[in-house]
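Peer 1: Contents of start_19.cif (mmCIF, N, CA and C atoms):
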```cif
data_entry
#
loop_
_atom_site.label_atom_id
_atom_site.label_comp_id
_atom_site.auth_asym_id
_atom_site.auth_seq_id
_atom_site.Cartn_x
_atom_site.Cartn_y
_atom_site.Cartn_z
N MET A 1 4.29 -28.30 -41.03
CA MET A 1 5.44 -27.57 -41.50
C MET A 1 6.31 -27.23 -40.30
N GLU A 2 7.58 -27.48 -40.47
CA GLU A 2 8.55 -27.12 -39.43
C GLU A 2 9.62 -26.28 -40.10
N VAL A 3 9.97 -25.16 -39.49
CA VAL A 3 10.95 -24.25 -40.07
C VAL A 3 12.20 -24.24 -39.21
N LYS A 4 13.34 -24.43 -39.86
CA LYS A 4 14.63 -24.38 -39.18
C LYS A 4 15.57 -23.58 -40.05
N ASP A 5 16.60 -23.02 -39.44
CA ASP A 5 17.66 -22.41 -40.25
C ASP A 5 18.98 -23.03 -39.82
N GLY A 6 19.98 -22.82 -40.62
CA GLY A 6 21.28 -23.41 -40.32
C GLY A 6 21.29 -24.89 -40.64
N LYS A 7 22.14 -25.63 -39.94
CA LYS A 7 22.31 -27.05 -40.24
C LYS A 7 21.63 -27.96 -39.22
N SER A 8 20.79 -27.39 -38.37
CA SER A 8 20.13 -28.20 -37.35
C SER A 8 19.11 -29.15 -37.98
N GLU A 9 18.98 -30.32 -37.41
CA GLU A 9 18.03 -31.34 -37.91
C GLU A 9 16.64 -31.03 -37.38
N THR A 10 15.64 -31.42 -38.11
CA THR A 10 14.25 -31.19 -37.72
C THR A 10 13.79 -32.30 -36.79
N GLU A 11 13.75 -32.03 -35.51
CA GLU A 11 13.42 -33.05 -34.51
C GLU A 11 11.98 -33.53 -34.63
N THR A 12 11.04 -32.62 -34.80
CA THR A 12 9.63 -33.00 -34.88
C THR A 12 9.38 -33.86 -36.10
N ALA A 13 9.91 -33.45 -37.24
CA ALA A 13 9.72 -34.23 -38.47
C ALA A 13 10.35 -35.60 -38.34
N GLN A 14 11.53 -35.69 -37.74
CA GLN A 14 12.20 -36.97 -37.55
C GLN A 14 11.35 -37.89 -36.67
N GLN A 15 10.76 -37.37 -35.61
CA GLN A 15 9.92 -38.18 -34.73
C GLN A 15 8.67 -38.66 -35.45
N LEU A 16 8.06 -37.80 -36.26
CA LEU A 16 6.88 -38.20 -37.03
C LEU A 16 7.21 -39.29 -38.03
N LEU A 17 8.40 -39.23 -38.65
CA LEU A 17 8.83 -40.31 -39.55
C LEU A 17 8.99 -41.62 -38.79
N GLU A 18 9.65 -41.56 -37.64
CA GLU A 18 9.87 -42.76 -36.84
C GLU A 18 8.56 -43.38 -36.39
N ASP A 19 7.59 -42.55 -36.05
CA ASP A 19 6.27 -43.04 -35.60
C ASP A 19 5.36 -43.41 -36.77
N GLU A 20 5.86 -43.23 -38.00
CA GLU A 20 5.11 -43.51 -39.23
C GLU A 20 3.79 -42.74 -39.32
N LYS A 21 3.82 -41.50 -38.85
CA LYS A 21 2.64 -40.64 -38.92
C LYS A 21 2.67 -39.76 -40.17
N ILE A 22 3.82 -39.69 -40.81
CA ILE A 22 3.93 -38.99 -42.08
C ILE A 22 4.65 -39.88 -43.08
N GLU A 23 4.40 -39.63 -44.36
CA GLU A 23 4.96 -40.44 -45.43
C GLU A 23 6.39 -40.05 -45.76
N ALA A 24 6.67 -38.76 -45.80
CA ALA A 24 8.00 -38.27 -46.15
C ALA A 24 8.18 -36.85 -45.64
N VAL A 25 9.44 -36.40 -45.62
CA VAL A 25 9.76 -35.03 -45.22
C VAL A 25 10.44 -34.35 -46.40
N TYR A 26 9.96 -33.17 -46.75
CA TYR A 26 10.60 -32.36 -47.77
C TYR A 26 11.43 -31.30 -47.06
N LEU A 27 12.72 -31.28 -47.33
CA LEU A 27 13.62 -30.29 -46.76
C LEU A 27 13.96 -29.28 -47.84
N LEU A 28 13.68 -28.03 -47.61
CA LEU A 28 13.99 -26.97 -48.56
C LEU A 28 15.26 -26.29 -48.09
N LYS A 29 16.31 -26.38 -48.91
CA LYS A 29 17.62 -25.84 -48.52
C LYS A 29 18.16 -24.93 -49.60
N GLY A 30 19.01 -24.00 -49.20
CA GLY A 30 19.55 -23.04 -50.13
C GLY A 30 20.74 -23.55 -50.93
N ASP A 31 21.70 -24.18 -50.29
CA ASP A 31 22.94 -24.58 -50.95
C ASP A 31 22.94 -26.09 -51.18
N THR A 32 22.16 -26.56 -52.15
CA THR A 32 22.07 -27.99 -52.42
C THR A 32 21.64 -28.23 -53.86
N TYR A 33 21.95 -29.40 -54.36
CA TYR A 33 21.44 -29.82 -55.66
C TYR A 33 20.18 -30.67 -55.48
N GLY A 34 19.87 -31.01 -54.23
CA GLY A 34 18.73 -31.86 -53.94
C GLY A 34 19.13 -33.32 -53.88
N GLY A 35 18.21 -34.14 -53.40
CA GLY A 35 18.48 -35.56 -53.30
C GLY A 35 17.45 -36.25 -52.43
N ILE A 36 17.58 -37.58 -52.35
CA ILE A 36 16.67 -38.38 -51.55
C ILE A 36 17.50 -39.30 -50.67
N ALA A 37 17.19 -39.31 -49.38
CA ALA A 37 17.83 -40.20 -48.43
C ALA A 37 16.72 -40.83 -47.59
N GLY A 38 16.37 -42.06 -47.91
CA GLY A 38 15.26 -42.71 -47.21
C GLY A 38 13.96 -41.99 -47.53
N ARG A 39 13.31 -41.51 -46.49
CA ARG A 39 12.04 -40.78 -46.68
C ARG A 39 12.22 -39.28 -46.50
N LYS A 40 13.47 -38.81 -46.64
CA LYS A 40 13.77 -37.38 -46.61
C LYS A 40 14.14 -36.94 -48.01
N ILE A 41 13.44 -35.94 -48.50
CA ILE A 41 13.64 -35.43 -49.85
C ILE A 41 14.11 -33.99 -49.74
N THR A 42 15.32 -33.73 -50.23
CA THR A 42 15.88 -32.39 -50.17
C THR A 42 15.68 -31.71 -51.53
N VAL A 43 15.16 -30.50 -51.48
CA VAL A 43 14.86 -29.73 -52.69
C VAL A 43 15.51 -28.35 -52.54
N PRO A 44 16.19 -27.86 -53.59
CA PRO A 44 16.70 -26.49 -53.53
C PRO A 44 15.55 -25.51 -53.35
N ILE A 45 15.73 -24.54 -52.50
CA ILE A 45 14.63 -23.63 -52.16
C ILE A 45 14.11 -22.87 -53.38
N TYR A 46 14.98 -22.62 -54.36
CA TYR A 46 14.52 -21.91 -55.55
C TYR A 46 13.59 -22.75 -56.42
N MET A 47 13.48 -24.06 -56.12
CA MET A 47 12.60 -24.94 -56.90
C MET A 47 11.29 -25.25 -56.16
N VAL A 48 11.03 -24.59 -55.05
CA VAL A 48 9.86 -24.90 -54.24
C VAL A 48 8.56 -24.76 -55.03
N GLY A 49 8.50 -23.86 -55.98
CA GLY A 49 7.30 -23.68 -56.78
C GLY A 49 6.98 -24.86 -57.68
N ARG A 50 7.93 -25.73 -57.90
CA ARG A 50 7.72 -26.89 -58.76
C ARG A 50 7.37 -28.16 -57.99
N VAL A 51 7.43 -28.11 -56.68
CA VAL A 51 7.10 -29.28 -55.87
C VAL A 51 5.60 -29.48 -55.87
N ARG A 52 5.16 -30.67 -56.18
CA ARG A 52 3.74 -31.03 -56.18
C ARG A 52 3.53 -32.16 -55.19
N PHE A 53 2.44 -32.09 -54.47
CA PHE A 53 2.12 -33.11 -53.48
C PHE A 53 0.88 -33.87 -53.93
N ALA A 54 0.95 -35.18 -53.87
CA ALA A 54 -0.20 -36.03 -54.15
C ALA A 54 -0.70 -36.53 -52.80
N TYR A 55 -1.87 -36.12 -52.43
CA TYR A 55 -2.42 -36.57 -51.16
C TYR A 55 -3.87 -36.98 -51.36
N GLU A 56 -4.32 -37.79 -50.43
CA GLU A 56 -5.67 -38.33 -50.51
C GLU A 56 -6.54 -37.67 -49.47
N ARG A 57 -7.70 -37.21 -49.87
CA ARG A 57 -8.65 -36.64 -48.91
C ARG A 57 -9.47 -37.77 -48.33
N GLY A 58 -9.57 -37.81 -47.03
CA GLY A 58 -10.34 -38.86 -46.42
C GLY A 58 -11.04 -38.42 -45.14
N ASN A 59 -10.28 -37.79 -44.27
CA ASN A 59 -10.81 -37.44 -42.96
C ASN A 59 -11.29 -36.01 -42.88
N GLU A 60 -11.34 -35.30 -43.99
CA GLU A 60 -11.80 -33.93 -43.97
C GLU A 60 -13.31 -33.87 -44.06
N GLU A 61 -13.87 -32.86 -43.42
CA GLU A 61 -15.31 -32.67 -43.51
C GLU A 61 -15.67 -32.14 -44.88
N GLN A 62 -16.72 -32.63 -45.44
CA GLN A 62 -17.20 -32.15 -46.73
C GLN A 62 -18.12 -30.96 -46.51
N SER A 63 -17.94 -29.89 -47.27
CA SER A 63 -18.81 -28.72 -47.10
C SER A 63 -19.84 -28.66 -48.19
#
```
Would you mind writing the structure in this file as structure tokens?
Peer 2:
Amino acid sequence: MEVKDGKSETETAQQLLEDEKIEAVYLLKGDTYGGIAGRKITVPIYMVGRVRFAYERGNEEQS
């Protein structure tokens, strides 16, 4: 998770996308209708409770 305010771009997330270490970036913004641009997904912050992530467990230790 990377937190930014204002209109600055997320440098760490952008680098992880370029290195293909992450699948996509979810950007939570206040003044937006949302959208998708490549592997960047913008979601209005008031809808954050509806965002669901599908991920695969593989490298975690089993307890």
Peer 1: Starting from the displayed file, determine the output of the PyMOL selection byres ((chain A and resi 40-51) around 7) and express the residue list as number ranges by chain.
Peer 2: A: 24-39, 52-53
Peer 1: Work out how far apart atom C of Lys7 (chain A) and atom C of Ala54 (chain A) are and give it in Å to one decimal.
Peer 2: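 Going from atom C of Lys7 (chain A) over to atom C of Ala54 (chain A) covers 27.5 Å.
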Peer 1: If I take CA of Gly6 (chain A) and atom C of Glu20 (chain A), how far is one from the other in Å, to one decimal?
Peer 2: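 Here the two named atoms are 26.1 Å from each other.
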Peer 1: For atom N of Glu23 (chain A) and atom N of Thr10 (chain A), determine how far apart the two atoms are, in Å to one decimal place.
Peer 2: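 About the pair atom N of Glu23 (chain A) and atom N of Thr10 (chain A): they are 15.3 Å apart.
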Peer 1: Starting from the structure just given, write a file holding region 1-48 of chain A with N, CA and C atoms, as an mmCIF file, in the first residue's frame.
Peer 2:
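Heads up, here's the output in decode.cif:
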```
data_model
loop_
_atom_site.group_PDB
_atom_site.id
_atom_site.type_symbol
_atom_site.label_atom_id
_atom_site.label_comp_id
_atom_site.auth_asym_id
_atom_site.auth_seq_id
_atom_site.Cartn_x
_atom_site.Cartn_y
_atom_site.Cartn_z
ATOM 1 N N MET A 1 0.848 -1.164 0.000
ATOM 2 C CA MET A 1 0.000 0.000 0.000
ATOM 3 C C MET A 1 0.897 1.231 0.000
ATOM 4 N N GLU A 2 0.548 2.149 -0.866
ATOM 5 C CA GLU A 2 1.260 3.423 -0.923
ATOM 6 C C GLU A 2 0.220 4.525 -0.808
ATOM 7 N N VAL A 3 0.466 5.497 0.051
ATOM 8 C CA VAL A 3 -0.495 6.569 0.281
ATOM 9 C C VAL A 3 0.080 7.875 -0.238
ATOM 10 N N LYS A 4 -0.713 8.564 -1.040
ATOM 11 C CA LYS A 4 -0.330 9.874 -1.563
ATOM 12 C C LYS A 4 -1.529 10.784 -1.442
ATOM 13 N N ASP A 5 -1.284 12.084 -1.401
ATOM 14 C CA ASP A 5 -2.401 13.019 -1.498
ATOM 15 C C ASP A 5 -2.101 13.984 -2.637
ATOM 16 N N GLY A 6 -3.112 14.691 -3.046
ATOM 17 C CA GLY A 6 -2.935 15.607 -4.168
ATOM 18 C C GLY A 6 -2.894 14.861 -5.481
ATOM 19 N N LYS A 7 -2.213 15.439 -6.463
ATOM 20 C CA LYS A 7 -2.193 14.862 -7.801
ATOM 21 C C LYS A 7 -0.876 14.163 -8.124
ATOM 22 N N SER A 8 -0.042 13.952 -7.129
ATOM 23 C CA SER A 8 1.250 13.315 -7.380
ATOM 24 C C SER A 8 1.073 11.847 -7.754
ATOM 25 N N GLU A 9 1.917 11.366 -8.640
ATOM 26 C CA GLU A 9 1.873 9.970 -9.097
ATOM 27 C C GLU A 9 2.573 9.083 -8.077
ATOM 28 N N THR A 10 2.163 7.849 -7.997
ATOM 29 C CA THR A 10 2.748 6.896 -7.065
ATOM 30 C C THR A 10 3.988 6.264 -7.692
ATOM 31 N N GLU A 11 5.149 6.719 -7.291
ATOM 32 C CA GLU A 11 6.405 6.258 -7.893
ATOM 33 C C GLU A 11 6.688 4.794 -7.600
ATOM 34 N N THR A 12 6.490 4.367 -6.369
ATOM 35 C CA THR A 12 6.774 2.979 -6.004
ATOM 36 C C THR A 12 5.865 2.027 -6.763
ATOM 37 N N ALA A 13 4.585 2.335 -6.799
ATOM 38 C CA ALA A 13 3.635 1.478 -7.514
ATOM 39 C C ALA A 13 3.962 1.428 -8.996
ATOM 40 N N GLN A 14 4.324 2.561 -9.585
ATOM 41 C CA GLN A 14 4.680 2.599 -11.002
ATOM 42 C C GLN A 14 5.895 1.711 -11.275
ATOM 43 N N GLN A 15 6.897 1.751 -10.413
ATOM 44 C CA GLN A 15 8.091 0.930 -10.588
ATOM 45 C C GLN A 15 7.761 -0.553 -10.458
ATOM 46 N N LEU A 16 6.904 -0.911 -9.510
ATOM 47 C CA LEU A 16 6.500 -2.307 -9.348
ATOM 48 C C LEU A 16 5.739 -2.811 -10.570
ATOM 49 N N LEU A 17 4.906 -1.952 -11.178
ATOM 50 C CA LEU A 17 4.220 -2.329 -12.419
ATOM 51 C C LEU A 17 5.220 -2.569 -13.539
ATOM 52 N N GLU A 18 6.171 -1.662 -13.687
ATOM 53 C CA GLU A 18 7.176 -1.788 -14.742
ATOM 54 C C GLU A 18 8.007 -3.052 -14.574
ATOM 55 N N ASP A 19 8.325 -3.396 -13.337
ATOM 56 C CA ASP A 19 9.123 -4.604 -13.052
ATOM 57 C C ASP A 19 8.269 -5.873 -13.049
ATOM 58 N N GLU A 20 6.960 -5.723 -13.275
ATOM 59 C CA GLU A 20 5.999 -6.829 -13.292
ATOM 60 C C GLU A 20 5.989 -7.624 -11.983
ATOM 61 N N LYS A 21 6.143 -6.902 -10.874
ATOM 62 C CA LYS A 21 6.100 -7.531 -9.557
ATOM 63 C C LYS A 21 4.698 -7.472 -8.955
ATOM 64 N N ILE A 22 3.840 -6.647 -9.540
ATOM 65 C CA ILE A 22 2.445 -6.598 -9.132
ATOM 66 C C ILE A 22 1.568 -6.676 -10.370
ATOM 67 N N GLU A 23 0.337 -7.141 -10.169
ATOM 68 C CA GLU A 23 -0.599 -7.340 -11.274
ATOM 69 C C GLU A 23 -1.283 -6.045 -11.687
ATOM 70 N N ALA A 24 -1.679 -5.235 -10.714
ATOM 71 C CA ALA A 24 -2.386 -3.992 -11.000
ATOM 72 C C ALA A 24 -2.271 -3.050 -9.805
ATOM 73 N N VAL A 25 -2.603 -1.778 -10.040
ATOM 74 C CA VAL A 25 -2.609 -0.775 -8.980
ATOM 75 C C VAL A 25 -4.024 -0.231 -8.865
ATOM 76 N N TYR A 26 -4.550 -0.201 -7.658
ATOM 77 C CA TYR A 26 -5.839 0.417 -7.388
ATOM 78 C C TYR A 26 -5.571 1.795 -6.807
ATOM 79 N N LEU A 27 -6.083 2.825 -7.469
ATOM 80 C CA LEU A 27 -5.943 4.193 -7.000
ATOM 81 C C LEU A 27 -7.286 4.631 -6.424
ATOM 82 N N LEU A 28 -7.302 5.020 -5.178
ATOM 83 C CA LEU A 28 -8.521 5.489 -4.523
ATOM 84 C C LEU A 28 -8.479 7.008 -4.529
ATOM 85 N N LYS A 29 -9.440 7.622 -5.216
ATOM 86 C CA LYS A 29 -9.449 9.079 -5.359
ATOM 87 C C LYS A 29 -10.803 9.639 -4.970
ATOM 88 N N GLY A 30 -10.803 10.893 -4.541
ATOM 89 C CA GLY A 30 -12.026 11.520 -4.096
ATOM 90 C C GLY A 30 -12.895 12.067 -5.213
ATOM 91 N N ASP A 31 -12.322 12.779 -6.159
ATOM 92 C CA ASP A 31 -13.095 13.456 -7.194
ATOM 93 C C ASP A 31 -12.957 12.714 -8.522
ATOM 94 N N THR A 32 -13.620 11.560 -8.648
ATOM 95 C CA THR A 32 -13.522 10.758 -9.861
ATOM 96 C C THR A 32 -14.756 9.880 -10.017
ATOM 97 N N TYR A 33 -15.012 9.473 -11.231
ATOM 98 C CA TYR A 33 -16.051 8.477 -11.486
ATOM 99 C C TYR A 33 -15.429 7.085 -11.574
ATOM 100 N N GLY A 34 -14.106 7.026 -11.569
ATOM 101 C CA GLY A 34 -13.408 5.756 -11.694
ATOM 102 C C GLY A 34 -13.077 5.458 -13.146
ATOM 103 N N GLY A 35 -12.245 4.441 -13.343
ATOM 104 C CA GLY A 35 -11.868 4.057 -14.690
ATOM 105 C C GLY A 35 -10.676 3.125 -14.672
ATOM 106 N N ILE A 36 -10.316 2.657 -15.868
ATOM 107 C CA ILE A 36 -9.178 1.750 -16.016
ATOM 108 C C ILE A 36 -8.285 2.286 -17.118
ATOM 109 N N ALA A 37 -7.002 2.386 -16.832
ATOM 110 C CA ALA A 37 -6.002 2.800 -17.808
ATOM 111 C C ALA A 37 -4.844 1.813 -17.702
ATOM 112 N N GLY A 38 -4.790 0.871 -18.623
ATOM 113 C CA GLY A 38 -3.755 -0.159 -18.545
ATOM 114 C C GLY A 38 -3.979 -1.023 -17.321
ATOM 115 N N ARG A 39 -2.975 -1.063 -16.459
ATOM 116 C CA ARG A 39 -3.082 -1.862 -15.229
ATOM 117 C C ARG A 39 -3.301 -0.980 -14.009
ATOM 118 N N LYS A 40 -3.785 0.246 -14.239
ATOM 119 C CA LYS A 40 -4.150 1.158 -13.155
ATOM 120 C C LYS A 40 -5.660 1.270 -13.113
ATOM 121 N N ILE A 41 -6.232 0.989 -11.958
ATOM 122 C CA ILE A 41 -7.677 1.005 -11.780
ATOM 123 C C ILE A 41 -8.004 2.085 -10.759
ATOM 124 N N THR A 42 -8.763 3.084 -11.196
ATOM 125 C CA THR A 42 -9.140 4.184 -10.314
ATOM 126 C C THR A 42 -10.552 3.932 -9.785
ATOM 127 N N VAL A 43 -10.696 4.056 -8.473
ATOM 128 C CA VAL A 43 -11.968 3.805 -7.798
ATOM 129 C C VAL A 43 -12.276 5.021 -6.920
ATOM 130 N N PRO A 44 -13.523 5.512 -6.958
ATOM 131 C CA PRO A 44 -13.887 6.589 -6.027
ATOM 132 C C PRO A 44 -13.727 6.107 -4.589
ATOM 133 N N ILE A 45 -13.180 6.940 -3.744
ATOM 134 C CA ILE A 45 -12.861 6.515 -2.380
ATOM 135 C C ILE A 45 -14.106 6.074 -1.609
ATOM 136 N N TYR A 46 -15.262 6.638 -1.933
ATOM 137 C CA TYR A 46 -16.479 6.240 -1.226
ATOM 138 C C TYR A 46 -16.927 4.824 -1.591
ATOM 139 N N MET A 47 -16.311 4.221 -2.619
ATOM 140 C CA MET A 47 -16.670 2.860 -3.032
ATOM 141 C C MET A 47 -15.643 1.824 -2.562
ATOM 142 N N VAL A 48 -14.694 2.221 -1.739
ATOM 143 C CA VAL A 48 -13.617 1.316 -1.333
ATOM 144 C C VAL A 48 -14.151 0.057 -0.652
#
```
